[in-house]
Structures are given as C-alpha cells and as structure tokens.
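Next up, entry-v6.tsv (TSV, C-alpha atoms and all ligand atoms):
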chain	number	residue	atom	x	y	z
V	1	MET	CA	-17.74	-9.05	41.62
V	2	GLU	CA	-16.66	-9.92	38.09
V	3	GLU	CA	-19.53	-12.31	37.78
V	4	HIS	CA	-22.05	-9.43	37.96
V	5	SER	CA	-20.63	-6.41	36.11
V	6	GLU	CA	-19.72	-6.43	32.40
V	7	THR	CA	-16.00	-6.00	32.95
V	8	MET	CA	-14.62	-9.21	31.55
V	9	GLU	CA	-12.77	-8.94	28.25
V	10	PHE	CA	-11.68	-11.60	25.79
V	11	THR	CA	-8.33	-13.14	26.82
V	12	HIS	CA	-5.19	-12.00	25.04
V	13	THR	CA	-5.11	-15.23	23.01
V	14	GLN	CA	-8.77	-14.91	22.08
V	15	LYS	CA	-8.25	-11.29	20.95
V	16	GLN	CA	-5.23	-12.33	18.90
V	17	ARG	CA	-7.23	-15.04	17.17
V	18	LEU	CA	-10.09	-12.64	16.41
V	19	VAL	CA	-7.64	-10.19	14.82
V	20	GLU	CA	-6.06	-13.00	12.78
V	21	LEU	CA	-9.47	-14.00	11.53
V	22	GLY	CA	-10.31	-10.41	10.63
V	23	ALA	CA	-13.06	-10.27	13.30
V	24	ASP	CA	-11.52	-7.19	14.95
V	25	ASP	CA	-14.91	-5.51	15.40
V	26	PHE	CA	-15.62	-7.82	18.31
V	27	ILE	CA	-12.42	-7.51	20.34
V	28	SER	CA	-13.60	-4.80	22.72
V	29	MET	CA	-16.72	-6.72	23.81
V	30	ARG	CA	-17.31	-7.10	27.58
V	31	PHE	CA	-18.95	-9.93	29.49
V	32	LYS	CA	-20.45	-10.74	32.85
V	33	SER	CA	-18.82	-14.14	33.19
V	34	LYS	CA	-16.16	-16.45	31.75
V	35	ASP	CA	-18.84	-18.78	30.49
V	36	GLU	CA	-20.61	-16.01	28.62
V	37	ARG	CA	-17.29	-14.82	27.18
V	38	ASN	CA	-16.12	-18.24	26.03
V	39	LYS	CA	-19.50	-19.03	24.52
V	40	LYS	CA	-19.44	-15.76	22.58
V	41	PHE	CA	-15.88	-16.44	21.43
V	42	GLU	CA	-16.84	-19.88	20.08
V	43	GLU	CA	-19.90	-18.38	18.39
V	44	ILE	CA	-17.90	-15.63	16.64
V	45	VAL	CA	-15.16	-18.03	15.55
V	46	LYS	CA	-17.74	-20.44	14.13
V	47	LYS	CA	-19.38	-17.66	12.16
V	48	VAL	CA	-16.08	-16.25	10.90
V	49	VAL	CA	-14.84	-19.68	9.88
V	50	ALA	CA	-18.06	-20.20	7.91
V	51	ASP	CA	-17.64	-16.75	6.28
V	52	THR	CA	-14.02	-17.53	5.49
V	53	LYS	CA	-14.92	-20.82	3.84
V	54	ARG	CA	-17.68	-19.16	1.83
V	55	ASN	CA	-15.32	-16.44	0.64
V	56	LEU	CA	-12.56	-18.91	-0.20
V	57	GLU	CA	-15.14	-20.79	-2.26
V	58	ILE	CA	-16.05	-17.56	-4.11
V	59	ILE	CA	-12.35	-17.01	-4.84
V	60	ARG	CA	-12.04	-20.57	-6.12
V	61	ARG	CA	-15.10	-20.47	-8.34
V	62	ILE	CA	-15.57	-16.84	-9.35
V	63	SER	CA	-12.89	-14.21	-8.74
V	64	LYS	CA	-9.95	-16.64	-9.01
V	65	ARG	CA	-7.47	-13.99	-7.86
V	66	PRO	CA	-6.93	-11.59	-4.96
V	67	TYR	CA	-8.79	-8.26	-4.91
V	68	LEU	CA	-5.42	-6.48	-4.96
V	69	LYS	CA	-4.69	-7.99	-8.39
V	70	ILE	CA	-8.15	-7.09	-9.64
V	71	ILE	CA	-7.82	-3.41	-8.69
V	72	GLU	CA	-4.28	-3.38	-10.04
V	73	ASP	CA	-5.69	-4.51	-13.40
V	74	GLU	CA	-8.52	-1.99	-13.34
V	75	ILE	CA	-6.24	0.89	-12.42
V	76	SER	CA	-3.75	-0.14	-15.12
V	77	LYS	CA	-6.55	-0.25	-17.72
V	78	LYS	CA	-7.82	3.18	-16.66
V	79	LEU	CA	-4.33	4.72	-16.77
V	80	ARG	CA	-3.59	3.27	-20.21
V	81	LYS	CA	-6.92	4.61	-21.44
V	82	ASN	CA	-5.76	8.01	-20.21
V	83	GLY	CA	-2.49	7.94	-22.13
V	84	PHE	CA	-0.15	6.48	-19.51
V	85	ILE	CA	2.36	3.82	-20.59
V	86	GLU	CA	3.06	0.88	-18.29
V	87	VAL	CA	6.73	0.15	-17.64
V	88	SER	CA	8.67	-2.56	-15.82
V	89	THR	CA	12.00	-1.64	-14.23
V	90	PRO	CA	14.58	-3.49	-12.09
V	91	ILE	CA	13.85	-4.45	-8.49
V	92	LEU	CA	17.56	-4.53	-7.74
V	93	ILE	CA	18.95	-1.01	-7.78
V	94	ARG	CA	22.31	0.57	-7.03
V	95	LYS	CA	23.29	2.78	-4.12
V	96	GLU	CA	23.81	5.69	-6.55
V	97	ALA	CA	20.11	5.58	-7.41
V	98	LEU	CA	19.29	6.16	-3.72
V	99	GLN	CA	21.86	8.95	-3.52
V	100	LYS	CA	20.28	10.65	-6.53
V	101	MET	CA	17.00	10.59	-4.55
V	102	GLY	CA	18.76	12.45	-1.72
V	103	ILE	CA	18.91	9.29	0.41
V	104	ASP	CA	22.40	9.45	1.89
V	105	ASP	CA	23.86	7.72	4.96
V	106	GLU	CA	22.17	10.26	7.29
V	107	HIS	CA	18.71	9.89	5.74
V	108	PRO	CA	16.17	7.92	7.83
V	109	LEU	CA	15.21	5.74	4.82
V	110	MET	CA	18.84	4.52	4.58
V	111	ASN	CA	18.26	2.42	7.74
V	112	GLN	CA	15.32	0.75	6.03
V	113	ILE	CA	17.20	-0.55	3.00
V	114	PHE	CA	17.65	-4.28	2.33
V	115	TRP	CA	21.16	-4.65	0.94
V	116	VAL	CA	21.95	-7.51	-1.40
V	117	ASP	CA	25.60	-6.58	-1.53
V	118	GLY	CA	27.58	-3.45	-0.69
V	119	ASN	CA	26.32	-1.52	-3.68
V	120	THR	CA	23.03	-3.22	-4.62
V	121	CYS	CA	19.73	-3.17	-2.77
V	122	LEU	CA	16.06	-4.06	-3.15
V	123	ARG	CA	14.31	-0.90	-4.27
V	124	PRO	CA	12.43	0.94	-1.49
V	125	MET	CA	10.58	3.05	-4.09
V	126	LEU	CA	10.09	3.30	-7.84
V	127	ALA	CA	10.89	6.99	-8.25
V	128	PRO	CA	14.61	6.78	-9.20
V	129	ASN	CA	13.87	4.27	-12.00
V	130	LEU	CA	11.01	6.38	-13.33
V	131	TYR	CA	13.18	9.52	-13.28
V	132	THR	CA	15.73	7.62	-15.40
V	133	LEU	CA	13.06	6.53	-17.90
V	134	TRP	CA	11.77	10.13	-18.17
V	135	SER	CA	15.28	11.35	-18.94
V	136	ARG	CA	15.54	8.84	-21.82
V	137	LEU	CA	11.99	8.87	-23.19
V	138	ARG	CA	11.82	12.66	-23.38
V	139	ASN	CA	14.55	12.51	-26.05
V	140	ILE	CA	12.37	10.17	-28.12
V	141	TRP	CA	8.72	11.03	-27.45
V	142	LYS	CA	6.91	14.35	-27.52
V	143	PRO	CA	5.70	15.55	-24.11
V	144	PRO	CA	3.95	14.78	-21.89
V	145	ILE	CA	5.90	11.63	-20.89
V	146	SER	CA	3.26	9.75	-18.90
V	147	ILE	CA	4.39	6.46	-17.37
V	148	PHE	CA	3.49	4.15	-14.50
V	149	GLU	CA	4.79	1.01	-12.87
V	150	VAL	CA	3.29	-1.48	-10.42
V	151	GLY	CA	5.73	-3.68	-8.55
V	152	PRO	CA	7.32	-4.83	-5.33
V	153	CYS	CA	9.19	-2.43	-3.06
V	154	PHE	CA	11.04	-3.29	0.15
V	155	ARG	CA	11.64	-1.41	3.38
V	156	ARG	CA	12.84	-2.66	6.75
V	157	GLU	CA	9.92	-1.71	8.96
V	158	SER	CA	9.48	-2.02	12.69
V	159	LYS	CA	6.16	-0.16	12.72
V	160	GLY	CA	3.00	-2.21	13.28
V	161	THR	CA	-0.23	-2.74	11.51
V	162	HIS	CA	0.03	-0.54	8.40
V	163	HIS	CA	3.53	-1.50	7.26
V	164	THR	CA	5.00	-4.60	5.67
V	165	GLN	CA	8.58	-5.17	4.63
V	166	GLU	CA	7.55	-6.04	1.07
V	167	PHE	CA	4.67	-4.21	-0.55
V	168	THR	CA	3.31	-3.35	-3.97
V	169	MET	CA	3.86	0.18	-5.13
V	170	LEU	CA	1.91	1.78	-7.96
V	171	ASN	CA	3.82	4.85	-9.08
V	172	ILE	CA	2.42	7.19	-11.71
V	173	ALA	CA	4.76	9.83	-13.09
V	174	GLU	CA	4.13	12.49	-15.72
V	175	LEU	CA	6.83	14.75	-17.12
V	176	SER	CA	5.72	18.02	-18.75
V	177	PRO	CA	1.99	17.87	-18.01
V	178	GLU	CA	-0.28	19.96	-20.21
V	179	LYS	CA	-1.58	21.89	-17.19
V	180	SER	CA	-0.02	23.03	-13.93
V	181	ALA	CA	1.86	20.14	-12.29
V	182	GLU	CA	0.05	20.69	-9.01
V	183	GLU	CA	-3.35	20.55	-10.68
V	184	ARG	CA	-2.31	17.46	-12.66
V	185	LEU	CA	-1.17	15.70	-9.48
V	186	VAL	CA	-4.64	16.08	-7.97
V	187	GLU	CA	-6.17	14.88	-11.25
V	188	ILE	CA	-3.99	11.74	-11.33
V	189	ALA	CA	-4.89	10.93	-7.71
V	190	LYS	CA	-8.55	11.21	-8.72
V	191	LEU	CA	-8.07	8.89	-11.73
V	192	VAL	CA	-6.93	6.11	-9.38
V	193	MET	CA	-9.39	6.79	-6.57
V	194	ASP	CA	-12.32	6.82	-9.02
V	195	VAL	CA	-11.46	3.23	-9.94
V	196	VAL	CA	-11.41	2.20	-6.29
V	197	GLY	CA	-14.63	4.10	-5.62
V	198	VAL	CA	-14.15	5.10	-1.98
V	199	GLU	CA	-14.19	8.53	-0.38
V	200	TYR	CA	-10.78	10.08	0.20
V	201	GLU	CA	-9.15	13.23	1.49
V	202	LEU	CA	-6.19	15.11	0.04
V	203	VAL	CA	-3.74	16.38	2.66
V	204	TRP	CA	-0.64	18.49	1.95
V	205	GLU	CA	2.33	17.46	4.11
V	206	GLU	CA	6.05	18.01	4.60
V	207	SER	CA	7.97	15.10	3.00
V	208	GLU	CA	11.52	13.91	3.83
V	209	VAL	CA	12.37	13.33	0.19
V	210	TYR	CA	10.39	15.96	-1.73
V	211	GLY	CA	9.79	18.90	0.62
V	212	GLU	CA	6.08	19.31	0.04
V	213	SER	CA	3.94	16.26	-0.62
V	214	LEU	CA	0.30	15.44	-1.18
V	215	ASP	CA	-1.15	12.53	0.77
V	216	VAL	CA	-4.25	10.63	-0.23
V	217	VAL	CA	-6.03	9.51	2.93
V	218	VAL	CA	-8.81	6.89	3.18
V	219	ASN	CA	-10.52	6.29	6.53
V	220	GLY	CA	-7.66	8.09	8.28
V	221	ILE	CA	-4.97	5.94	6.58
V	222	GLU	CA	-2.35	7.34	4.15
V	223	VAL	CA	-2.70	5.29	0.97
V	224	ALA	CA	-0.52	7.41	-1.32
V	225	SER	CA	2.00	10.24	-1.38
V	226	GLY	CA	2.48	12.50	-4.36
V	227	ALA	CA	4.73	15.40	-5.25
V	228	PHE	CA	5.34	17.78	-8.10
V	229	GLY	CA	8.31	19.55	-9.67
V	230	PRO	CA	10.47	21.37	-10.63
V	231	HIS	CA	12.29	20.11	-7.59
V	232	LYS	CA	15.90	20.17	-6.40
V	233	LEU	CA	16.42	16.43	-7.06
V	234	ASP	CA	15.57	16.91	-10.75
V	235	GLU	CA	19.08	18.11	-11.63
V	236	ASN	CA	20.44	14.63	-10.81
V	237	TRP	CA	18.68	13.44	-13.97
V	238	ASN	CA	19.09	16.71	-15.90
V	239	ILE	CA	15.34	17.22	-15.72
V	240	THR	CA	14.18	20.84	-15.96
V	241	GLU	CA	10.54	20.38	-16.94
V	242	PRO	CA	7.60	20.42	-14.52
V	243	TRP	CA	6.27	17.03	-13.39
V	244	ALA	CA	3.69	15.31	-11.23
V	245	GLY	CA	4.21	11.94	-9.52
V	246	ILE	CA	2.37	9.84	-7.00
V	247	GLY	CA	2.96	6.46	-5.32
V	248	PHE	CA	0.17	4.27	-3.96
V	249	GLY	CA	0.77	1.29	-1.68
V	250	LEU	CA	-1.74	-1.24	-3.00
V	251	GLU	CA	-1.91	-3.41	0.15
V	252	ARG	CA	-2.41	-0.21	2.17
V	253	LEU	CA	-5.15	0.85	-0.23
V	254	VAL	CA	-6.96	-2.50	0.12
V	255	LEU	CA	-6.57	-2.36	3.91
V	256	ALA	CA	-8.01	1.17	4.05
V	257	CYS	CA	-10.94	0.23	1.81
V	258	GLU	CA	-11.74	-3.08	3.51
V	259	GLY	CA	-11.30	-1.56	6.97
V	260	GLY	CA	-9.19	-4.41	8.42
V	261	ALA	CA	-6.93	-4.04	11.45
V	262	ASN	CA	-3.74	-5.40	9.90
V	263	ILE	CA	-2.05	-5.07	6.52
V	264	THR	CA	-0.62	-8.61	6.84
V	265	ARG	CA	-3.97	-9.97	5.67
V	266	PHE	CA	-3.62	-8.32	2.29
V	267	SER	CA	0.12	-8.76	1.81
V	268	ARG	CA	2.09	-11.52	0.10
V	269	SER	CA	1.38	-14.40	2.45
V	270	LEU	CA	1.40	-18.10	3.13
V	271	MET	CA	-1.27	-17.72	5.82
V	272	TYR	CA	-3.89	-15.63	4.04
V	273	LEU	CA	-5.55	-15.85	0.66
V	274	ASP	CA	-7.03	-12.49	-0.32
V	275	GLY	CA	-7.46	-11.54	3.34
V	276	TRP	CA	-8.92	-14.89	4.41
V	277	ARG	CA	-7.12	-16.98	7.01
V	278	LEU	CA	-6.02	-20.45	5.91
V	279	ASP	CA	-5.41	-22.15	9.26
V	280	ILE	CA	-9.06	-23.03	9.73
V	281	LYS	CA	-10.77	-26.39	9.47
D	1	LIG	P1	4.32	5.93	6.08
D	1	LIG	O1	4.43	7.38	6.47
D	1	LIG	O2	2.95	5.40	6.17
D	1	LIG	O3	5.37	5.06	6.69
D	1	LIG	P2	5.70	6.78	3.78
D	1	LIG	O4	5.22	8.19	3.72
D	1	LIG	O5	7.06	6.48	4.30
D	1	LIG	O6	4.63	5.86	4.51
D	1	LIG	P3	5.89	6.83	0.95
D	1	LIG	O7	7.35	6.88	0.78
D	1	LIG	O8	5.09	8.07	0.87
D	1	LIG	O9	5.58	6.10	2.34
D	1	LIG	O10	5.33	5.68	-0.03
D	1	LIG	C1	4.13	5.82	-0.81
D	1	LIG	C2	3.08	4.84	-0.36
D	1	LIG	O11	3.61	3.51	-0.29
D	1	LIG	C3	2.54	5.08	1.04
D	1	LIG	O12	1.54	6.07	1.02
D	1	LIG	C4	1.98	3.72	1.39
D	1	LIG	O13	0.71	3.53	0.80
D	1	LIG	C5	2.95	2.79	0.73
D	1	LIG	N1	3.94	2.29	1.70
D	1	LIG	C6	5.09	2.85	2.09
D	1	LIG	N2	5.75	2.08	2.96
D	1	LIG	C7	4.99	0.97	3.12
D	1	LIG	C8	5.12	-0.22	3.88
D	1	LIG	N3	6.19	-0.45	4.64
D	1	LIG	N4	4.14	-1.16	3.80
D	1	LIG	C9	3.07	-0.96	3.01
D	1	LIG	N5	2.89	0.14	2.27
D	1	LIG	C10	3.82	1.10	2.31
D	2	MG	MG	4.14	9.21	2.40

Can you turn what I pasted into structure tokens?
Amino acid sequence: MEEHSETMEFTHTQKQRLVELGADDFISMRFKSKDERNKKFEEIVKKVVADTKRNLEIIRRISKRPYLKIIEDEISKKLRKNGFIEVSTPILIRKEALQKMGIDDEHPLMNQIFWVDGNTCLRPMLAPNLYTLWSRLRNIWKPPISIFEVGPCFRRESKGTHHTQEFTMLNIAELSPEKSAEERLVEIAKLVMDVVGVEYELVWEESEVYGESLDVVVNGIEVASGAFGPHKLDENWNITEPWAGIGFGLERLVLACEGGANITRFSRSLMYLDGWRLDIK
C-alpha cells in the first residue's frame, strides 16, 4: 500500500536533522517509497550543507559578525541619532528590584528567575534598572530623559521554539516625552522596525506587569512589548511624569524576520554561527 500512495513522511530523526539545519520548509514532504524519501533527504542535506558552507564563508570574508550584532549596531545608531542615550547597567540585580516591578513570590515571573544567591539574581528584564536611571537623570538633565540599553536577560523557560533561557533585550525608555506617551510609544516602535525593514503589526494586550501593553508582531510572532505611564509601579521610583517604554528580544526579532523554526539558531550558541549549523563536514 505504502509503496503506491504518497503517505510516507521523513523519519523522526530525518525531520530533526532538517530542523537543525534550518531546512524546516521540507519537513512535511510526503513520498511514495522509502527509497524516494531517503534519496530526497540526502539531496536536501547536500544542498543545505553547501548553502551553510557558502554562508559561513560570507561571514568569514565579508560580514565578520552575526546579523543580530549588525542590527543591534544599526538600531543603536538610529536611536542615538534620535536623541536617545545608550546606557549599560548591571546584569546582577537584587530581589528588591523585582519587587519594585511588582514581581512578588506569587507572580508567575518569580518562578522564572535564576538566583545567584538568596537576594541576587540574573536580570529577567531591563526595566527596573532603567527606572532607576530615569529617577537620577531627571534631576540632572532637562526632559525628555531618553535612554536605551541592549544586553543579556535571563528567564527559566520551559516553552519551546520561541524562548531561550538567555536572550538579548533592547529596551528603550523615555521619561516625559514631548507628545502623548501612547503616541510616542508607537513612534519608538516604528523607529526600530524601520531599521529592520519588515512589515509588522501593533497589537494592544493585557500585560502581567503593566496592565495594558503594546505588542509588536512580525509574521505572527511577538518581537516586542511596550507600555506607557503614568502607571502604578512608578511610585516605587517616585516617578510622576508620563513615559513610554518598549523591550525587543533581538533573537526573537531575527527569528521572526528570517522565518526560522527555532530561536536556538540565533541565540548564543556553540552549535550555530549566525544561524548556520557547525556540525557539518
Ligand atoms: P512571551 O509572551 O513571548 O513569553 P513575554 O511577553 O513574557 O514573552 P516580555 O516580558 O514582553 O516577554 O519581554 C519583551 C520581549 O523580550 C518579548 O517580546 C520577546 O521578544 C523577548 N523575550 C522575552 N522572553 C524571551 C525568551 N525567553 N527568549 C527570547 N526572547 C524573549
Ligand atoms: Mg510581552
């Protein structure tokens, strides 16, 4: 029977390998026979390996760094051109910083925290640090206080293909915008997405931390969440001014733009270089 109808799929191991190699477009192919299937598998792998080698050669000779780093640079340049100041804050933060964000023992994010010791953890987000900088810089600089940071964040994740435990967050935060905070939030999202140059949707959602949040969605994938204030958390930093803030996951953004099946390809890795698998010959 199987020999005559196109019901045969790639084996589990073959599918796994195709996903690893980023050849996910082929995994739902059907075949009339084992021979036909195995021949096709070899053919795809050969082609993908050749593509991988060609792309690794381009990285070696031309781009010399991952795409994620290149867009990070371009976004940083664009933000600085638009008056934003780049900052660099600690990766290790204290439990109080989480509490000030409303993340208490009952909050779902609390189960996702990597603790270094009882009171210190790897930051799951940049927001508490940026709030603290706002509260200091606003005493020194005239408004608006426009800052951004790009850096590692950590969350224990059990979810699959769009989550990693360590990822790169780009958080842009403006205190006292010159226009309505809501309008400014949409404008900041556009600043970033114009650099990336892909179509995106803006979706308003309920957020655990902020109440109402604005998601930036590319090809059905959330690449950023933004919010605006005044907001009830603001009092923890004695902030009373309006604000707009948005956090992009850069690996998620690259995944959504490149259309891959798994974020692992674009994450910090010993097995991939800029999305290209290294266990090939
Ligand atoms: P999700 O609903 O997809 O789990 P989230 O809403 O919990 O994400 P936010 O707190 O809104 O995430 O973080 C802002 C952005 O950071 C997300 O839009 C996403 O791009 C990125 N991000 C968050 N968690 C992860 C993760 N575990 N791996 C990769 N990127 C992440
Ligand atoms: Mg979100």

- Using all atoms listed in the file, find each protein or nucleic acid residue lying at most 9 Å from ligand MG 2 (chain D); present the set as a PyMOL selection string. chain V and resi 205+207-208+213-216+222-226+247-248

- Task: Could you give me, as number ranges by chain, the residues within 6 Å of stretch 99-114 of chain V, counting all atoms listed in the file and dropping anything in the same chain fewer than 2 positions from it?
- Result: V: 96-97, 121-122, 155-156, 236

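For the residues V:Arg268, V:Arg138, V:Lys159, V:Arg30, ranking by smallest atom-to-atom distance to V:Glu241 using all atoms listed in the file places V:Arg138 first.
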
- Message: Between V:Ala256, V:Ile62, V:Ile70, V:Ile188, which residue has the minimum interatomic distance to ligand LIG 1 (chain D), considering all atoms listed in the file?
- Response: V:Ala256

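Going from atom CA of V:Trp237 to atom CA of V:Glu182 covers 20.6 Å.
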
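All protein and nucleic acid residues in the vicinity of (-18.5, -13.7, 31.4), that is within 10 Å when counting only C-alpha atoms, are Glu2, Glu3, His4, Ser5, Glu6, Thr7, Met8, Glu9, Phe10, Arg30, Phe31, Lys32, Ser33, Lys34, Asp35, Glu36, Arg37, Asn38, Lys39 and Lys40 of chain V.
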
Around the point (-2.0, 9.3, -10.8) (coordinates from the file), which residues reach within 9 Å if we count all atoms listed in the file? Answer as a PDB file with C-alpha atoms, in the coordinates of the input.
ATOM      1  CA  LEU V  79      -4.330   4.720 -16.770  1.00  0.00           C
ATOM      2  CA  PHE V 148       3.490   4.150 -14.500  1.00  0.00           C
ATOM      3  CA  LEU V 170       1.910   1.780  -7.960  1.00  0.00           C
ATOM      4  CA  ASN V 171       3.820   4.850  -9.080  1.00  0.00           C
ATOM      5  CA  ILE V 172       2.420   7.190 -11.710  1.00  0.00           C
ATOM      6  CA  ALA V 173       4.760   9.830 -13.090  1.00  0.00           C
ATOM      7  CA  GLU V 174       4.130  12.490 -15.720  1.00  0.00           C
ATOM      8  CA  ARG V 184      -2.310  17.460 -12.660  1.00  0.00           C
ATOM      9  CA  LEU V 185      -1.170  15.700  -9.480  1.00  0.00           C
ATOM     10  CA  VAL V 186      -4.640  16.080  -7.970  1.00  0.00           C
ATOM     11  CA  GLU V 187      -6.170  14.880 -11.250  1.00  0.00           C
ATOM     12  CA  ILE V 188      -3.990  11.740 -11.330  1.00  0.00           C
ATOM     13  CA  ALA V 189      -4.890  10.930  -7.710  1.00  0.00           C
ATOM     14  CA  LYS V 190      -8.550  11.210  -8.720  1.00  0.00           C
ATOM     15  CA  LEU V 191      -8.070   8.890 -11.730  1.00  0.00           C
ATOM     16  CA  VAL V 192      -6.930   6.110  -9.380  1.00  0.00           C
ATOM     17  CA  MET V 193      -9.390   6.790  -6.570  1.00  0.00           C
ATOM     18  CA  GLY V 226       2.480  12.500  -4.360  1.00  0.00           C
ATOM     19  CA  ALA V 244       3.690  15.310 -11.230  1.00  0.00           C
ATOM     20  CA  GLY V 245       4.210  11.940  -9.520  1.00  0.00           C
ATOM     21  CA  ILE V 246       2.370   9.840  -7.000  1.00  0.00           C
ATOM     22  CA  GLY V 247       2.960   6.460  -5.320  1.00  0.00           C
ATOM     23  CA  PHE V 248       0.170   4.270  -3.960  1.00  0.00           C
TER      24      PHE V 248
END

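If only C-alpha atoms are the atoms counted, then among V:Arg136, V:Arg17, V:His162, V:Lys69 the closest residue to V:Gly260 is V:His162.
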
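Between ligand LIG 1 (chain D) and the residues V:Lys179, V:Lys78, V:Arg123, V:Lys281, the shortest atom-to-atom distance, using all atoms listed in the file, involves V:Arg123.
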
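Counting all atoms listed in the file, the residue from V:Glu235, V:Glu43, V:Glu212, V:Glu157 that sits nearest to ligand LIG 1 (chain D) is V:Glu157.
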
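Atom to atom, atom CA of V:His231 and atom CA of V:Glu251 stand 28.5 Å apart.
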
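Using only C-alpha atoms and all ligand atoms for every distance, the candidate list V:Asn219, V:Thr164, V:Thr240, V:Asn262 yields V:Thr164 as the residue closest to ligand LIG 1 (chain D).
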
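Using all atoms listed in the file, the residues found no farther than 8 Å from stretch 272-276 of chain V, other than those of its own chain fewer than 6 positions away, are Leu21, Gly22, Thr52, Asn55, Leu56, Arg65, Pro66, Tyr67, Leu68, Arg265 and Phe266 of chain V.
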
- Note on the structure: Between atom CA of V:Val217 and atom O7 of ligand LIG 1 (chain D) lies a distance of 13.8 Å
